[in-house]
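Worksheet for the structure shown next.
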Amino acid sequence: ESKEDMQVLLDYTHKWCENWKMKINMSKSKAMHFRKQATERCDTIFKLGNAEVKYVEKYMYLGVFFDEFLTFEDHGVTMTKSGGIALGAIIAKYKKLDNMGFDTFNRLYESSICPVINYGSEVLGYMKKQKSDCIQTKAMKIFLGVHRFACNEAVEGDMGWYPNHLRRTLNVLRYWNRMIKLENDRLTKKVFNYEYSLKKKGTWCDFVKSTLSNLGLWQLYCNLQACDLKLCKERLYVDVWSNCIRKKPKLRTFIQLKQDFKTEKYVSMNLERNQRSLLAQLRTGTLPLHLETGRFENKKVEERTCKICGTNNVET
């Protein structure tokens, strides 16, 4: 409740350690003042016996990086870096093994990268788009052998992989179901009930509220009921994905070939990499056919001709 109470608790802790011949590792024991950026940090010096507890700007606890302002930016950067290293190891194996199929690649990604980049997403998944989302996009495009500028929605549709931000949202909803079923005497449930009662914007509960409202499941939030994750997954992305690919002229061929959001047969088949790459490029509109590249080259020739003639009219 106050700085004085904190010091009293530290004194009790020190006394208990002396009675039971325990020693606290001061190199891992730090003080952090969580606050708004406009608020100055506390200048009180806390002591554990004769040792001073030093202040830090960030601290890792149970694998999550906390900072003074609870932005969790360091956590996102660290998870992205770790996920990139894990993806590099998978890519090295993929290039070394010529016959690595989709099932093997998918299992490697699900077991080696997803747990890293989405660590703590049950609690932190309500935050805005994170840098780790690009790791999944990179993994899909490398497996399909398409250009890095290929449409993400087309690549996700052929791979049958939901975007990473949706994985985080589903983790949040899965944790919501767990909190609903948790007993009220548990400390985690008490924290949940406290935040739920606040009805404050920008919180974890507010994110769940807005998500369920967008899915037409408002009553589940009001009545504190669990949600169907499979239904939420379909409503969260499949409809949005279908509308998105129809609005992109580059995917005019893709929408003629693709009806359902699922892993395509050519992706799961044991094709050679160049064969899978050609099919993926053709479907996503990135295959360098004369139908695509010829228009651009002819336009450049016309522009150069008009420049020599001294006119800005390309058609002339």
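Residues are named by chain letter and number: chains run A, B, ... in the order of the structure tokens, numbers start at 1 in each chain, and ligands are numbered from 1 in the order shown.
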Long-range neighbours of A:Thr13 as a ChimeraX atom specification, 8 Å cut-off, only C-alpha atoms, 4 positions minimum in chain
/A:9,17,48
Write out, as a PDB file, in the first residue's frame, the residues just selected, with N, CA, C and O atoms.
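Saved to again-v7.pdb:
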ATOM      1  N   LEU A   9       7.726  -5.193   5.050  1.00  0.00           N
ATOM      2  CA  LEU A   9       7.703  -6.549   4.493  1.00  0.00           C
ATOM      3  C   LEU A   9       9.111  -7.067   4.234  1.00  0.00           C
ATOM      4  O   LEU A   9       9.405  -8.247   4.457  1.00  0.00           O
ATOM      5  N   CYS A  17      14.466 -15.174   7.005  1.00  0.00           N
ATOM      6  CA  CYS A  17      15.635 -15.829   6.402  1.00  0.00           C
ATOM      7  C   CYS A  17      16.720 -16.096   7.444  1.00  0.00           C
ATOM      8  O   CYS A  17      17.392 -17.135   7.403  1.00  0.00           O
ATOM      9  N   LEU A  48      17.292  -4.799   2.410  1.00  0.00           N
ATOM     10  CA  LEU A  48      17.012  -6.143   2.887  1.00  0.00           C
ATOM     11  C   LEU A  48      18.153  -6.509   3.828  1.00  0.00           C
ATOM     12  O   LEU A  48      19.225  -6.929   3.407  1.00  0.00           O
TER      13      LEU A  48
END
Could you pull out the helix (DSSP H, G or I) residues of stretch 144-265 of chain A, going by DSSP on the backbone, and write them as JSON, numbers by chain?
{"A": [144, 152, 153, 154, 155, 156, 157, 158, 159, 164, 165, 166, 167, 168, 169, 170, 171, 172, 173, 174, 175, 176, 177, 178, 179, 180, 181, 187, 188, 189, 190, 191, 192, 193, 194, 195, 196, 197, 198, 204, 205, 206, 207, 208, 209, 210, 211, 212, 213, 214, 218, 219, 220, 221, 222, 229, 230, 231, 232, 233, 234, 235, 236, 237, 238, 239, 240, 241, 242, 243, 244, 245, 246, 249, 250, 251, 254, 255, 256, 257, 265]}
With only C-alpha atoms as the atoms that count, which of A:Cys244, A:Cys232, A:Met269, A:Val53 lies nearest to A:Met26?
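Smallest separation from A:Met26 among the options: A:Val53.
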Going by DSSP on the backbone, which bits of stretch 54-280 of chain A are strand (DSSP E or B)? Write them as number ranges by chain, please.
A: 55, 58-61, 64-67
Go ahead and save the residues from that selection, with N, CA and C atoms, as a PDB file, in the first residue's frame.
ATOM      1  N   TYR A  55      17.294  -0.363  -7.927  1.00  0.00           N
ATOM      2  CA  TYR A  55      16.229  -0.168  -8.902  1.00  0.00           C
ATOM      3  C   TYR A  55      16.696  -0.607 -10.298  1.00  0.00           C
ATOM      4  N   LYS A  58      14.012  -2.607 -16.233  1.00  0.00           N
ATOM      5  CA  LYS A  58      13.313  -3.776 -16.759  1.00  0.00           C
ATOM      6  C   LYS A  58      13.802  -5.011 -16.010  1.00  0.00           C
ATOM      7  N   TYR A  59      12.945  -6.022 -15.997  1.00  0.00           N
ATOM      8  CA  TYR A  59      13.272  -7.229 -15.248  1.00  0.00           C
ATOM      9  C   TYR A  59      12.536  -8.416 -15.872  1.00  0.00           C
ATOM     10  N   MET A  60      13.216  -9.544 -15.973  1.00  0.00           N
ATOM     11  CA  MET A  60      12.600 -10.748 -16.510  1.00  0.00           C
ATOM     12  C   MET A  60      12.102 -11.613 -15.371  1.00  0.00           C
ATOM     13  N   TYR A  61      10.825 -11.942 -15.409  1.00  0.00           N
ATOM     14  CA  TYR A  61      10.218 -12.802 -14.395  1.00  0.00           C
ATOM     15  C   TYR A  61       9.403 -13.879 -15.096  1.00  0.00           C
ATOM     16  N   VAL A  64       9.001 -13.506 -18.865  1.00  0.00           N
ATOM     17  CA  VAL A  64       8.348 -12.297 -19.382  1.00  0.00           C
ATOM     18  C   VAL A  64       9.156 -11.083 -18.940  1.00  0.00           C
ATOM     19  N   PHE A  65       9.445 -10.187 -19.897  1.00  0.00           N
ATOM     20  CA  PHE A  65      10.219  -8.986 -19.605  1.00  0.00           C
ATOM     21  C   PHE A  65       9.276  -7.845 -19.230  1.00  0.00           C
ATOM     22  N   PHE A  66       9.360  -7.416 -17.986  1.00  0.00           N
ATOM     23  CA  PHE A  66       8.565  -6.295 -17.502  1.00  0.00           C
ATOM     24  C   PHE A  66       9.403  -5.023 -17.573  1.00  0.00           C
ATOM     25  N   ASP A  67       8.758  -3.905 -17.896  1.00  0.00           N
ATOM     26  CA  ASP A  67       9.428  -2.608 -17.829  1.00  0.00           C
ATOM     27  C   ASP A  67       8.628  -1.683 -16.926  1.00  0.00           C
TER      28      ASP A  67
END
Contact check, stretch 225-278 of chain A to stretch 214-219 of chain A, at most 10 Å, counting only C-alpha atoms, closest pairs as CSV:
residue,atom,partner,partner_atom,distance
A:Gln225,CA,A:Gln219,CA,8.1
A:Cys227,CA,A:Leu217,CA,8.1
A:Asp228,CA,A:Leu217,CA,9.9
A:Leu231,CA,A:Leu215,CA,9.2
A:Cys232,CA,A:Leu215,CA,7.0
A:Lys233,CA,A:Leu215,CA,9.8
A:Glu234,CA,A:Leu215,CA,9.8
A:Arg235,CA,A:Leu215,CA,6.4
A:Leu236,CA,A:Leu215,CA,7.1
Might you pull out every residue within 9 Å of stretch 194-211 of chain A, with only C-alpha atoms counted and same-chain residues fewer than 3 positions away left off, and present them as an MDAnalysis selection string?
chainID A and resid 123:127 169 172:173 176 189:191 214:218 220:222 236
Using only C-alpha atoms, what does the table of stretch 126-236 of chain A residues within 10 Å of stretch 68-90 of chain A look like, with each row giving the shortest atom pair and its distance in Å to one decimal, sorted by chain and ascending number, as CSV?
residue,atom,partner,partner_atom,distance
A:Met127,CA,A:Thr71,CA,9.1
A:Gln130,CA,A:Gly76,CA,6.7
A:Lys131,CA,A:Thr80,CA,6.4
A:Ser132,CA,A:Thr80,CA,4.7
A:Asp133,CA,A:Thr80,CA,8.4
A:Cys134,CA,A:Thr80,CA,8.9
A:Ile135,CA,A:Gly84,CA,6.6
A:Gln136,CA,A:Leu87,CA,8.9
A:Lys138,CA,A:Leu87,CA,8.9
A:Ala139,CA,A:Leu87,CA,7.2
As a PyMOL selection string, please: the residues near stretch 276-278 of chain A (cut-off 8 Å, only C-alpha atoms, same-chain neighbours under 5 positions excluded).
chain A and resi 144-146+266-267+271+287
May I have the residues from that selection written out with C-alpha atoms, as a compact mmCIF listing (two decimals), in the first residue's frame?
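Output (part.txt):
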# COMPACT_ATOMS: atom_id res chain seq x y z
CA LEU A 144 6.14 -21.98 -50.89
CA GLY A 145 9.07 -20.37 -52.70
CA VAL A 146 7.32 -17.09 -53.50
CA TYR A 266 -0.18 -29.04 -54.06
CA VAL A 267 1.23 -27.75 -50.75
CA LEU A 271 6.47 -32.08 -54.91
CA LEU A 287 5.08 -15.64 -61.60
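You will find atom CA of A:Thr263 at 7.7 Å from atom CA of A:Trp161.
Remark: for A:Gly63, the closest of the candidate residues A:Ser111, A:Leu97, A:Tyr119, A:Asn19 is A:Tyr119 (distances computed over only C-alpha atoms).
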